[in-house]
Amino acid sequence: MSNAVIRIIATQDYEDIYDLNTELGYAYEKDKVYNKIIAILEAGNDILLAAEKDGHVVAYAHGAPYETLYADNLLNTVCFCVKEDLEDGEAIGNALYEAFESRAKKFGYKGIRLALDLDREKAHELFIKHGFETRRSMNHYIKYF
């Protein structure tokens, strides 16, 4: 069991979140992370949770509404990140996931959707442990303007 506290992300978490994003390979400027946290919190549509340990965010989860014409309302997992090389990373990931799912249910979502990079083996193990199944293989495309 970990001694991490699971809570809603706050603006002061931006530097730790920047570090976690960088670890995942997302080079997004610190000031932009700060501004995104403010905008997302103010919009009030997304679920943003942090796992804090020893005064630092060591994991976070971001979920956004996923509305389609072919399924009930789902929560799309935008990011689920646990700091690499944490001694209790598995326990922290499990605690964060359980809080994430609990909030999804509380807000009326009928399920959680996510896509994972194939090389994130620990994340695959965590989500399979929590009952997720692979539905299909897909390529992920992004076009920036």
# chains A, B, ... in the order shown; residues from 1 in each chain; ligands from 1

$ residues_around --residues "A:Leu86" --least-positions-apart "4" --cutoff "12 Å" --atoms "only C-alpha atoms" --output "MDAnalysis selection string"
chainID A and resid 2 4 53 57:59 81:82 90:93 122

$ closest_residue --among "A:Gly63, A:Gly55, A:Gly25, A:Gly89" --to "A:Gly111" --atoms "only C-alpha atoms"
A:Gly63

$ select_by_dssp --residues "stretch 51-122 of chain A" --states "strand (DSSP E)" --output "list in words"
Ala51, Glu52, Lys53, His56, Val57, Val58, Ala59, Tyr60, Ala61, His62, Gly63, Ala64, Pro65, Tyr66, Leu74, Leu75, Asn76, Thr77, Val78, Cys79, Phe80, Cys81, Val82, Ile112, Arg113 and Leu114 of chain A

$ closest_residue --among "A:Ala64, A:Ala104, A:Val33, A:Ala99" --to "A:Asn45" --atoms "only C-alpha atoms"
A:Ala64

$ atom_distance --atom1 "atom CA of A:Asp88" --atom2 "atom CA of A:Leu24"
18.6 Å

$ residues_around --residues "stretch 12-19 of chain A" --least-positions-apart "5" --cutoff "9 Å" --atoms "only C-alpha atoms" --output "PyMOL selection string"
chain A and resi 24+26-31+33-35+37+50+56-60+83

$ atom_distance --atom1 "atom CA of A:Ile6" --atom2 "atom CA of A:Ala71"
29.5 Å

$ residues_around --residues "A:Arg7" --least-positions-apart "4" --cutoff "8 Å" --atoms "only C-alpha atoms" --output "ChimeraX atom specification"
/A:49-52

$ residues_around --residues "A:Lys106" --least-positions-apart "6" --cutoff "12 Å" --atoms "only C-alpha atoms" --output "PyMOL selection string"
chain A and resi 47+75+99-100

$ closest_residue --among "A:Leu96, A:Leu114, A:Ile8, A:Leu74" --to "A:Gly44" --atoms "only C-alpha atoms"
A:Ile8

$ atom_distance --atom1 "atom CA of A:Arg103" --atom2 "atom CA of A:Ala39"
19.8 Å

$ closest_residue --among "A:Lys32, A:Ala43, A:Asn3, A:Ile112" --to "A:Asp72" --atoms "only C-alpha atoms"
A:Ile112

$ select_by_dssp --residues "stretch 5-68 of chain A" --states "helix (DSSP H, G or I)" --output "list of chain:residue names"
A:Thr11, A:Gln12, A:Asp13, A:Tyr14, A:Glu15, A:Asp16, A:Ile17, A:Tyr18, A:Asp19, A:Leu20, A:Asn21, A:Thr22, A:Glu23, A:Leu24, A:Lys30, A:Asp31, A:Lys32, A:Val33, A:Tyr34, A:Asn35, A:Lys36, A:Ile37, A:Ile38, A:Ala39, A:Ile40, A:Leu41, A:Glu42, A:Ala43
